[in-house]
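> structure_12.txt is reproduced in full below (compact mmCIF, C-alpha atoms).
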# COMPACT_ATOMS: atom_id res chain seq x y z
CA MET A 1 0.00 0.00 0.00
CA ASN A 2 1.34 3.43 -0.91
CA LEU A 3 0.11 6.83 0.29
CA ASP A 4 -2.42 7.19 -2.53
CA GLN A 5 -3.89 3.78 -1.77
CA MET A 6 -3.99 4.74 1.88
CA LEU A 7 -6.02 7.83 1.04
CA GLU A 8 -8.33 5.77 -1.14
CA ALA A 9 -8.88 3.31 1.72
CA TRP A 10 -9.47 6.23 4.09
CA ARG A 11 -12.17 7.72 1.90
CA SER A 12 -13.96 4.38 1.60
CA GLN A 13 -15.15 4.62 5.22
CA ASN A 14 -17.28 7.67 4.64
CA GLU A 15 -20.12 5.52 3.35
CA THR A 16 -19.89 2.34 5.46
CA PRO A 17 -20.65 1.79 9.15
CA LEU A 18 -17.84 1.10 11.61
CA TYR A 19 -18.66 -2.46 12.64
CA GLY A 20 -20.56 -5.61 11.99
CA VAL A 21 -20.90 -8.51 14.44
CA ASN A 22 -19.72 -12.07 13.85
CA ARG A 23 -23.01 -13.71 14.80
CA ASP A 24 -21.78 -17.32 14.86
CA LEU A 25 -18.95 -16.49 17.23
CA LEU A 26 -21.24 -14.34 19.34
CA GLN A 27 -23.79 -17.16 19.65
CA LEU A 28 -21.05 -19.48 20.93
CA ILE A 29 -19.77 -16.88 23.38
CA ILE A 30 -23.23 -16.06 24.70
CA GLN A 31 -24.10 -19.73 25.22
CA HIS A 32 -20.79 -20.37 26.94
CA GLU A 33 -21.33 -17.38 29.22
CA GLN A 34 -24.87 -18.53 29.89
CA ARG A 35 -23.54 -21.86 31.17
CA ASP A 36 -21.11 -20.01 33.45
CA LEU A 37 -23.85 -17.76 34.79
CA ARG A 38 -26.13 -20.74 35.47
CA ARG A 39 -23.29 -22.57 37.20
CA GLY A 40 -22.76 -19.47 39.36
CA LEU A 41 -26.46 -19.31 40.22
CA ARG A 42 -26.56 -23.01 41.12
CA GLY A 43 -23.42 -22.55 43.25
CA ALA A 44 -25.01 -19.63 45.11
CA LYS A 45 -28.16 -21.67 45.70
CA TRP A 46 -26.34 -24.67 47.15
CA LEU A 47 -24.10 -22.40 49.22
CA ALA A 48 -27.20 -20.80 50.76
CA TYR A 49 -28.73 -24.21 51.47
CA GLY A 50 -25.41 -25.46 52.87
CA VAL A 51 -24.97 -22.49 55.22
CA SER A 52 -28.52 -22.76 56.52
CA ALA A 53 -28.16 -26.54 57.07
CA LEU A 54 -24.84 -26.04 58.85
CA LEU A 55 -26.22 -23.38 61.18
CA LEU A 56 -29.25 -25.52 61.93
CA ALA A 57 -26.94 -28.47 62.70
CA PHE A 58 -24.93 -26.29 65.12
CA PHE A 59 -28.17 -25.19 66.69
CA ALA A 60 -29.27 -28.82 67.13
CA ILE A 61 -25.93 -29.77 68.70
CA PHE A 62 -26.10 -26.95 71.25
CA PHE A 63 -29.78 -27.58 71.86
CA ALA A 64 -28.96 -31.21 72.68
CA SER A 65 -26.11 -30.19 74.96
CA ILE A 66 -28.34 -28.30 77.41
CA ASP A 67 -27.94 -30.37 80.57
CA ASN A 68 -30.47 -28.65 82.78
CA ALA A 69 -34.17 -28.99 82.10
CA ARG A 70 -35.28 -27.27 78.91
CA THR A 71 -37.68 -24.42 79.36
CA ALA A 72 -40.41 -23.13 77.08
CA TRP A 73 -37.95 -20.42 75.98
CA ASP A 74 -35.56 -23.10 74.66
CA TYR A 75 -38.32 -24.62 72.58
CA ALA A 76 -39.42 -21.20 71.40
CA ALA A 77 -35.80 -20.49 70.35
CA ALA A 78 -35.73 -23.82 68.48
CA GLY A 79 -38.95 -22.92 66.71
CA ILE A 80 -37.66 -19.49 65.74
CA ALA A 81 -34.34 -20.95 64.51
CA ILE A 82 -36.07 -23.56 62.35
CA GLY A 83 -38.49 -20.93 61.05
CA ALA A 84 -35.72 -18.46 60.25
CA THR A 85 -33.72 -21.14 58.43
CA LEU A 86 -36.73 -22.20 56.41
CA LEU A 87 -37.47 -18.56 55.64
CA PHE A 88 -33.88 -17.98 54.46
CA ALA A 89 -33.72 -21.10 52.29
CA GLY A 90 -37.31 -20.76 51.10
CA ALA A 91 -36.93 -17.10 50.09
CA PHE A 92 -33.80 -18.00 48.17
CA SER A 93 -35.51 -20.93 46.49
CA VAL A 94 -38.56 -18.88 45.48
CA SER A 95 -36.46 -16.05 44.09
CA HIS A 96 -34.28 -18.54 42.19
CA LYS A 97 -37.32 -20.30 40.71
CA ARG A 98 -38.81 -16.96 39.64
CA GLN A 99 -35.59 -16.13 37.86
CA VAL A 100 -35.56 -19.53 36.11
CA LEU A 101 -39.13 -18.86 34.90
CA ARG A 102 -38.14 -15.39 33.74
CA GLU A 103 -35.27 -16.88 31.74
CA ARG A 104 -37.59 -19.40 30.12
CA GLY A 105 -39.66 -16.52 28.77
CA PHE A 106 -36.91 -15.57 26.31
CA GLY A 107 -36.71 -17.06 22.85
CA ASN A 108 -33.81 -18.68 21.01
CA SER A 109 -32.68 -15.88 18.73
CA LEU A 110 -29.31 -14.29 19.35
CA GLN A 111 -30.90 -11.12 20.71
CA GLU A 112 -33.11 -13.15 23.04
CA GLU A 113 -30.12 -15.13 24.29
CA ILE A 114 -28.40 -11.85 25.13
CA ARG A 115 -31.55 -10.59 26.88
CA ARG A 116 -31.61 -13.83 28.86
CA ASN A 117 -28.03 -13.25 30.02
CA LEU A 118 -28.86 -9.64 30.86
CA SER A 119 -31.77 -10.86 32.96
CA VAL A 120 -29.46 -13.20 34.94
CA ILE A 121 -27.00 -10.36 35.47
CA ASP A 122 -29.78 -8.04 36.66
CA TYR A 123 -30.94 -10.76 39.04
CA LEU A 124 -27.42 -11.24 40.42
CA LEU A 125 -26.96 -7.49 40.76
CA SER A 126 -30.27 -7.09 42.55
CA ARG A 127 -29.34 -9.85 45.02
CA SER A 128 -25.91 -8.38 45.58
CA ARG A 129 -27.21 -4.93 46.60
CA ARG A 130 -26.34 -4.09 50.19
CA LYS A 131 -29.92 -3.62 51.39
CA ALA A 132 -30.98 -6.88 49.74
CA GLN A 133 -28.07 -8.75 51.32
CA LEU A 134 -28.81 -7.29 54.76
CA LEU A 135 -32.45 -8.27 54.45
CA ASN A 136 -31.78 -11.73 53.01
CA GLY A 137 -29.07 -12.48 55.58
CA SER A 138 -31.08 -11.34 58.61
CA PRO A 139 -32.72 -14.75 59.31
CA MET A 140 -29.26 -16.31 59.58
CA VAL A 141 -28.19 -13.57 62.01
CA ILE A 142 -31.17 -14.50 64.15
CA VAL A 143 -30.11 -18.17 64.07
CA GLY A 144 -26.56 -17.13 65.03
CA ILE A 145 -27.87 -15.10 67.97
CA LEU A 146 -30.00 -18.03 69.09
CA ILE A 147 -26.98 -20.34 68.94
CA GLY A 148 -25.24 -17.86 71.27
CA TRP A 149 -28.24 -18.02 73.58
CA LEU A 150 -28.02 -21.84 73.63
CA ILE A 151 -24.30 -21.71 74.38
CA ILE A 152 -25.04 -19.59 77.45
CA ARG A 153 -27.85 -21.95 78.40
CA ALA A 154 -25.45 -24.89 78.14
CA ASP A 155 -22.61 -23.14 79.99
CA ASP A 156 -23.66 -20.25 82.18
CA GLY A 157 -20.08 -19.58 83.31
CA PRO A 158 -17.74 -16.86 81.96
CA SER A 159 -16.45 -19.10 79.13
CA GLY A 160 -20.01 -19.57 77.82
CA TRP A 161 -20.57 -15.81 77.81
CA TYR A 162 -17.21 -15.19 76.09
CA ILE A 163 -17.93 -17.70 73.35
CA ALA A 164 -21.47 -16.38 72.86
CA GLY A 165 -20.18 -12.79 72.81
CA ALA A 166 -17.51 -13.62 70.26
CA LEU A 167 -20.04 -15.46 68.13
CA PHE A 168 -22.46 -12.53 68.32
CA LEU A 169 -19.74 -10.09 67.32
CA PHE A 170 -18.60 -12.29 64.43
CA ASN A 171 -22.17 -12.70 63.30
CA VAL A 172 -22.95 -9.00 63.27
CA VAL A 173 -19.65 -7.97 61.68
CA ILE A 174 -20.10 -10.50 58.86
CA TRP A 175 -23.71 -9.46 58.38
CA LEU A 176 -22.92 -5.75 58.24
CA PHE A 177 -19.65 -5.73 56.35
CA SER A 178 -19.68 -8.65 53.93
CA PRO A 179 -22.42 -6.97 51.80
CA VAL A 180 -20.13 -3.94 51.33
CA TRP A 181 -17.38 -6.13 49.95
CA THR A 182 -19.52 -8.55 47.94
CA SER A 183 -21.66 -5.81 46.37
CA ARG A 184 -18.51 -4.00 45.24
CA LEU A 185 -17.10 -7.22 43.84
CA ALA A 186 -20.34 -8.03 42.03
CA GLU A 187 -20.56 -4.54 40.54
CA LYS A 188 -16.94 -4.66 39.45
CA GLN A 189 -17.46 -7.97 37.69
CA LEU A 190 -21.01 -7.68 36.44
CA LEU A 191 -21.46 -4.06 35.41
CA PRO A 192 -18.79 -4.11 32.67
CA TYR A 193 -20.25 -7.39 31.44
CA ARG A 194 -23.73 -5.87 31.46
CA ARG A 195 -22.51 -2.88 29.51
CA ARG A 196 -20.81 -5.12 26.97
CA LEU A 197 -23.96 -7.19 26.42
CA SER A 198 -26.09 -4.04 26.08
CA GLU A 199 -23.69 -2.70 23.47
CA LEU A 200 -23.83 -5.96 21.56
CA LEU A 201 -27.61 -5.88 21.64
CA GLU A 202 -27.62 -2.32 20.33
CA LEU A 203 -25.18 -3.27 17.57
CA LEU A 204 -27.31 -6.25 16.57
CA ASN A 205 -30.51 -4.21 16.60
CA SER A 206 -28.96 -1.43 14.57
CA SER A 207 -27.55 -3.84 11.98
CA GLU A 208 -30.95 -5.38 11.21
CA MET B 1 -30.75 30.93 17.09
CA ARG B 2 -34.03 29.34 18.13
CA LYS B 3 -33.92 25.75 19.31
CA ALA B 4 -35.85 24.40 16.31
CA GLY B 5 -33.49 26.14 13.91
CA ARG B 6 -30.49 24.87 15.79
CA ASN B 7 -31.85 21.33 15.71
CA GLN B 8 -32.34 21.55 11.98
CA VAL B 9 -28.79 22.79 11.42
CA PHE B 10 -27.50 20.02 13.68
CA ALA B 11 -29.44 17.38 11.75
CA GLU B 12 -28.06 18.70 8.44
CA TRP B 13 -24.50 18.83 9.77
CA MET B 14 -24.72 15.34 11.21
CA ASP B 15 -26.12 14.00 8.01
CA ALA B 16 -23.35 15.51 5.93
CA HIS B 17 -20.38 15.24 8.31
CA LYS B 18 -21.08 12.31 10.63
CA ALA B 19 -18.06 10.52 9.19
CA ILE B 20 -15.75 13.12 10.79
CA LEU B 21 -17.14 12.25 14.22
CA PHE B 22 -16.71 8.53 13.53
CA LYS B 23 -13.13 9.00 12.43
CA VAL B 24 -12.13 11.10 15.41
CA ALA B 25 -13.93 8.80 17.86
CA ARG B 26 -12.28 5.77 16.24
CA ALA B 27 -8.83 7.37 16.36
CA TYR B 28 -9.01 8.55 19.99
CA GLY B 29 -11.20 5.97 21.69
CA GLU B 30 -9.33 2.85 22.71
CA THR B 31 -12.35 0.65 23.19
CA HIS B 32 -15.70 0.37 21.53
CA ALA B 33 -17.40 1.83 24.61
CA ASP B 34 -14.93 4.74 24.62
CA ARG B 35 -15.68 5.46 20.98
CA GLU B 36 -19.38 5.48 21.63
CA ASP B 37 -18.93 7.87 24.57
CA LEU B 38 -16.62 10.12 22.63
CA PHE B 39 -18.95 10.18 19.63
CA GLN B 40 -21.80 11.34 21.86
CA GLU B 41 -19.60 13.92 23.58
CA ILE B 42 -18.47 15.37 20.24
CA ALA B 43 -22.02 15.43 18.92
CA LEU B 44 -23.11 17.33 22.03
CA GLN B 45 -20.28 19.84 21.63
CA VAL B 46 -21.11 20.33 17.96
CA TRP B 47 -24.74 20.99 18.89
CA SER B 48 -23.75 23.51 21.57
CA SER B 49 -21.40 25.32 19.20
CA ILE B 50 -23.88 25.94 16.40
CA ASP B 51 -24.71 29.46 17.64
CA ALA B 52 -21.04 30.38 17.67
CA PHE B 53 -20.55 29.42 14.00
CA ARG B 54 -20.26 32.60 11.94
CA GLY B 55 -19.48 31.05 8.58
CA ASP B 56 -15.88 32.37 8.50
CA ALA B 57 -14.57 28.84 8.07
CA LYS B 58 -15.91 25.81 6.19
CA VAL B 59 -18.32 23.65 8.19
CA THR B 60 -15.96 20.67 7.92
CA THR B 61 -13.13 22.74 9.39
CA TRP B 62 -15.38 23.94 12.20
CA ILE B 63 -16.61 20.45 13.02
CA TYR B 64 -13.11 18.99 12.87
CA GLN B 65 -11.88 21.70 15.24
CA ILE B 66 -14.62 20.94 17.76
CA ALA B 67 -14.21 17.17 17.37
CA LEU B 68 -10.45 17.23 17.87
CA ASN B 69 -10.58 19.63 20.82
CA THR B 70 -13.25 17.49 22.45
CA ALA B 71 -11.28 14.31 21.78
CA LEU B 72 -8.08 15.75 23.25
CA ALA B 73 -9.88 16.97 26.39
CA TRP B 74 -11.78 13.69 26.68
CA ASN B 75 -8.58 11.68 26.29
CA ARG B 76 -6.91 13.56 29.15
CA LYS B 77 -9.95 13.13 31.37
CA GLU B 78 -10.21 9.41 30.54
CA ARG B 79 -6.53 8.81 31.23
CA LYS B 80 -6.92 10.51 34.58
CA HIS B 81 -10.07 8.64 35.59
CA GLY B 82 -9.54 5.39 33.64
CA ARG B 83 -12.59 3.22 34.14
CA GLY B 84 -11.13 -0.14 33.13
CA ARG B 85 -14.16 -1.21 31.19
CA GLU B 86 -14.41 -4.57 29.55
CA ASP B 87 -14.28 -4.09 25.82
CA LEU B 88 -16.08 -5.75 22.97
CA ASP B 89 -12.82 -5.74 21.04
CA ALA B 90 -11.36 -7.97 23.78
CA THR B 91 -12.88 -10.97 22.00
CA PRO B 92 -10.84 -11.40 18.85
CA GLY B 93 -12.95 -11.71 15.75
CA LEU B 94 -16.23 -10.65 17.37
CA LEU B 95 -16.43 -7.24 15.76
CA ILE B 96 -15.86 -7.44 12.07
CA PRO B 97 -15.61 -4.79 9.41
CA PRO B 98 -18.92 -4.67 7.53
CA PRO B 99 -19.01 -6.13 4.01
CA GLY B 100 -17.44 -3.80 1.50
CA ARG B 101 -15.31 -2.08 4.10
CA ASP B 102 -11.70 -1.69 3.08
CA PRO B 103 -9.51 -3.96 5.28
CA ARG B 104 -6.62 -1.50 4.97
CA LEU B 105 -8.53 0.89 7.22
CA GLU B 106 -7.76 -1.15 10.31
CA TRP B 107 -4.09 -0.92 9.49
CA ILE B 108 -4.35 2.87 9.13
CA TYR B 109 -6.19 3.24 12.45
CA ARG B 110 -3.63 1.07 14.22
CA ARG B 111 -0.82 3.27 12.91
CA ILE B 112 -2.74 6.42 13.90
CA ALA B 113 -3.24 5.03 17.42
CA GLU B 114 0.54 4.71 17.76
CA LEU B 115 1.04 8.44 17.22
CA ASP B 116 1.04 11.08 19.94
CA GLU B 117 -2.14 13.12 20.53
CA VAL B 118 -1.35 16.07 18.27
CA SER B 119 0.12 13.94 15.49
CA ARG B 120 -3.01 11.82 15.62
CA SER B 121 -5.11 14.93 14.92
CA LEU B 122 -2.75 15.96 12.15
CA ALA B 123 -2.87 12.51 10.58
CA LEU B 124 -6.67 12.62 10.48
CA LEU B 125 -6.65 16.08 8.91
CA MET B 126 -3.96 15.08 6.43
CA LEU B 127 -5.89 12.01 5.34
CA ASP B 128 -9.00 14.14 4.89
CA GLY B 129 -7.10 16.50 2.61
CA PHE B 130 -6.86 19.64 4.75
CA SER B 131 -4.23 22.21 3.82
CA TYR B 132 -1.40 23.15 6.18
CA ARG B 133 -3.09 26.50 6.74
CA GLU B 134 -6.38 24.87 7.71
CA MET B 135 -4.59 22.41 9.99
CA SER B 136 -2.75 25.25 11.69
CA GLN B 137 -6.05 27.09 12.25
CA ILE B 138 -7.79 24.04 13.63
CA LEU B 139 -5.01 23.00 15.98
CA GLY B 140 -3.54 26.40 16.80
CA LEU B 141 -0.07 25.46 15.53
CA SER B 142 2.16 27.44 13.20
CA GLU B 143 2.12 26.35 9.55
CA SER B 144 5.81 25.51 9.67
CA ASN B 145 5.29 23.35 12.74
CA VAL B 146 2.43 21.58 10.97
CA GLY B 147 4.67 20.99 7.98
CA VAL B 148 7.44 19.48 10.10
CA LYS B 149 5.04 17.22 11.95
CA ILE B 150 3.23 16.11 8.80
CA ASN B 151 6.54 15.20 7.19
CA ARG B 152 7.41 13.13 10.24
CA ILE B 153 4.06 11.38 10.13
CA LYS B 154 4.44 10.63 6.43
CA ALA B 155 7.95 9.31 7.01
CA THR B 156 6.71 7.10 9.87
CA LEU B 157 3.87 5.72 7.77
CA ALA B 158 6.15 5.17 4.77
CA ALA B 159 8.64 3.32 6.98
CA GLN B 160 5.87 1.12 8.37
CA LEU B 161 4.58 0.42 4.86
CA ALA B 162 8.06 -0.45 3.64
CA LYS B 163 8.71 -2.67 6.65
CA GLU B 164 5.48 -4.56 6.26
CA SER B 165 5.84 -5.00 2.51
CA ASN B 166 9.36 -6.41 3.18
CA ASP B 167 7.97 -8.74 5.85
CA GLU B 168 5.37 -10.14 3.47
CA PRO B 169 6.47 -13.46 1.96
Let me see whether you can do it: turn the structure in this file into structure tokens.

Amino acid sequence: MNLDQMLEAWRSQNETPLYGVNRDLLQLIIQHEQRDLRRGLRGAKWLAYGVSALLLAFFAIFFASIDNARTAWDYAAAGIAIGATLLFAGAFSVSHKRQVLRERGFGNSLQEEIRRNLSVIDYLLSRSRRKAQLLNGSPMVIVGILIGWLIIRADDGPSGWYIAGALFLFNVVIWLFSPVWTSRLAEKQLLPYRRRLSELLELLNSSE
Amino acid sequence: MRKAGRNQVFAEWMDAHKAILFKVARAYGETHADREDLFQEIALQVWSSIDAFRGDAKVTTWIYQIALNTALAWNRKERKHGRGREDLDATPGLLIPPPGRDPRLEWIYRRIAELDEVSRSLALLMLDGFSYREMSQILGLSESNVGVKINRIKATLAAQLAKESNDEP
């Protein structure tokens, strides 16, 4: 290419748009990313179930270790702990199922696949918001506090109070501060991805 | 000028000179998202500047001047507050030149991107056939300085062309 040819090439762009999209490659990428997103959602679901089962197991262990006669308060605490765990896991399950149904509402075209991915990202972003995390995590904080109560019931001495106090502190710190960190992480990872998908959608819509 | 009149002028200018905005946005924006942002920013500046246009210069010169000034300011701001966005271009082969688009353009834009800020502006103006006088008016440089820089750009491009034609089997 010489300078004249360069000028000729330069002038050729005045009439043509800047980009087109390689649809076959995009379809592959979108499907691959969809699998990753679904894997992430499944992982989050089983993590939530696992955490709630673990906390309930701890609760059961401490409940069983109460040597002195159990009072009505102990049984009330057990009821609240089971209820809170079911609420936590149930709310997660319902929200997850709603999202699955939402995803099924999209078609199979490339644009619809992108919209499906955008819907998963919006769902993840909405769950990662600080207020949502504080609200969703509150039943588990209640279970944690009740475990502390059982520890004191099992051991009324200073060591019982220390352990319960430490557990309470840990519980509250995690509940208050982990949403700050996880929401930042989610935004850092998901917002650029969301922007990229929106751009692709715009490009595809404008090229049709 | 009344808003309706200004909108009409803007529509006419965009219709006739949109390619200038594309070229400048393509040359200064590193990523697809950057180019989109820059395009919008330039369009906004062009719209705001319509009242100030007195017809002393050609419309293309006026628009180029606004586009390049906006791009230079935008580039400095972006460098300072880099947002680290994920880019569409990060996936090789995803964005393709549309059918009929000259493949040599990508080569030209890559070479332009390697130049410093002012030389980048000069290269765009040179490729669009502006005279040294017009370039000096647009960029606020002396004509002799423009001449020196343009010669350097041409020499750089010629060296790249020669190197790549030698590298070809």
> Residues near A:Ile174, anyone? I mean within 12 Å using all atoms listed in the file, not counting same-chain ones fewer than 2 positions away, as a short mmCIF file (atom, residue, chain, number, x, y, z; two decimals) with C-alpha atoms, keeping the file's coordinate frame.

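Listed below is the output, around37.cif:
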data_model
loop_
_atom_site.label_atom_id
_atom_site.label_comp_id
_atom_site.auth_asym_id
_atom_site.auth_seq_id
_atom_site.Cartn_x
_atom_site.Cartn_y
_atom_site.Cartn_z
CA GLN A 133 -28.07 -8.75 51.32
CA LEU A 134 -28.81 -7.29 54.76
CA GLY A 137 -29.07 -12.48 55.58
CA SER A 138 -31.08 -11.34 58.61
CA MET A 140 -29.26 -16.31 59.58
CA VAL A 141 -28.19 -13.57 62.01
CA GLY A 144 -26.56 -17.13 65.03
CA LEU A 167 -20.04 -15.46 68.13
CA PHE A 168 -22.46 -12.53 68.32
CA LEU A 169 -19.74 -10.09 67.32
CA PHE A 170 -18.60 -12.29 64.43
CA ASN A 171 -22.17 -12.70 63.30
CA VAL A 172 -22.95 -9.00 63.27
CA LEU A 176 -22.92 -5.75 58.24
CA PHE A 177 -19.65 -5.73 56.35
CA SER A 178 -19.68 -8.65 53.93
CA PRO A 179 -22.42 -6.97 51.80
CA VAL A 180 -20.13 -3.94 51.33
CA TRP A 181 -17.38 -6.13 49.95
CA THR A 182 -19.52 -8.55 47.94
#
> For B:Val24, which of B:Leu139, B:Ala158, B:Leu68, B:Val148 is the closest residue, counting all atoms listed in the file?
B:Leu68
> For a quick test of understanding: name the residues of chain A lying within 12 Å of chain B when counting only C-alpha atoms, and present them as an mmCIF file with C-alpha atoms, in the coordinates of the input.

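Written output follows (selection34.cif):
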data_model
loop_
_atom_site.group_PDB
_atom_site.id
_atom_site.type_symbol
_atom_site.label_atom_id
_atom_site.label_comp_id
_atom_site.auth_asym_id
_atom_site.auth_seq_id
_atom_site.Cartn_x
_atom_site.Cartn_y
_atom_site.Cartn_z
ATOM 1 C CA MET A 1 0.000 0.000 0.000
ATOM 2 C CA ASN A 2 1.340 3.430 -0.910
ATOM 3 C CA LEU A 3 0.110 6.830 0.290
ATOM 4 C CA ASP A 4 -2.420 7.190 -2.530
ATOM 5 C CA GLN A 5 -3.890 3.780 -1.770
ATOM 6 C CA MET A 6 -3.990 4.740 1.880
ATOM 7 C CA LEU A 7 -6.020 7.830 1.040
ATOM 8 C CA GLU A 8 -8.330 5.770 -1.140
ATOM 9 C CA ALA A 9 -8.880 3.310 1.720
ATOM 10 C CA TRP A 10 -9.470 6.230 4.090
ATOM 11 C CA ARG A 11 -12.170 7.720 1.900
ATOM 12 C CA SER A 12 -13.960 4.380 1.600
ATOM 13 C CA GLN A 13 -15.150 4.620 5.220
ATOM 14 C CA ASN A 14 -17.280 7.670 4.640
ATOM 15 C CA GLU A 15 -20.120 5.520 3.350
ATOM 16 C CA THR A 16 -19.890 2.340 5.460
ATOM 17 C CA PRO A 17 -20.650 1.790 9.150
ATOM 18 C CA LEU A 18 -17.840 1.100 11.610
ATOM 19 C CA TYR A 19 -18.660 -2.460 12.640
ATOM 20 C CA GLY A 20 -20.560 -5.610 11.990
ATOM 21 C CA VAL A 21 -20.900 -8.510 14.440
ATOM 22 C CA ASN A 22 -19.720 -12.070 13.850
ATOM 23 C CA ARG A 23 -23.010 -13.710 14.800
ATOM 24 C CA ASP A 24 -21.780 -17.320 14.860
ATOM 25 C CA LEU A 25 -18.950 -16.490 17.230
ATOM 26 C CA LEU A 26 -21.240 -14.340 19.340
ATOM 27 C CA GLN A 27 -23.790 -17.160 19.650
ATOM 28 C CA LEU A 28 -21.050 -19.480 20.930
ATOM 29 C CA ILE A 29 -19.770 -16.880 23.380
ATOM 30 C CA ILE A 30 -23.230 -16.060 24.700
ATOM 31 C CA GLU A 187 -20.560 -4.540 40.540
ATOM 32 C CA LYS A 188 -16.940 -4.660 39.450
ATOM 33 C CA GLN A 189 -17.460 -7.970 37.690
ATOM 34 C CA LEU A 190 -21.010 -7.680 36.440
ATOM 35 C CA LEU A 191 -21.460 -4.060 35.410
ATOM 36 C CA PRO A 192 -18.790 -4.110 32.670
ATOM 37 C CA TYR A 193 -20.250 -7.390 31.440
ATOM 38 C CA ARG A 194 -23.730 -5.870 31.460
ATOM 39 C CA ARG A 195 -22.510 -2.880 29.510
ATOM 40 C CA ARG A 196 -20.810 -5.120 26.970
ATOM 41 C CA LEU A 197 -23.960 -7.190 26.420
ATOM 42 C CA SER A 198 -26.090 -4.040 26.080
ATOM 43 C CA GLU A 199 -23.690 -2.700 23.470
ATOM 44 C CA LEU A 200 -23.830 -5.960 21.560
ATOM 45 C CA LEU A 201 -27.610 -5.880 21.640
ATOM 46 C CA GLU A 202 -27.620 -2.320 20.330
ATOM 47 C CA LEU A 203 -25.180 -3.270 17.570
ATOM 48 C CA LEU A 204 -27.310 -6.250 16.570
ATOM 49 C CA SER A 207 -27.550 -3.840 11.980
#
> Would you mind listing what lies within 10 Å of B:Arg133 as a list in words, with only C-alpha atoms counted and same-chain residues fewer than 2 positions away left out?
Phe130, Ser131, Met135, Ser136, Gln137, Ile138, Leu141, Ser142, Glu143, Ser144, Val146 and Gly147 of chain B
> Would you mind listing what lies within 9 Å of A:Val120 as a list in words, with all atoms listed in the file counted and same-chain residues fewer than 4 positions away left out?
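The neighbour list is Gln34, Leu37, Arg38, Leu41, Gln99, Val100, Glu103, Arg115, Arg116, Leu124 and Leu125 of chain A.
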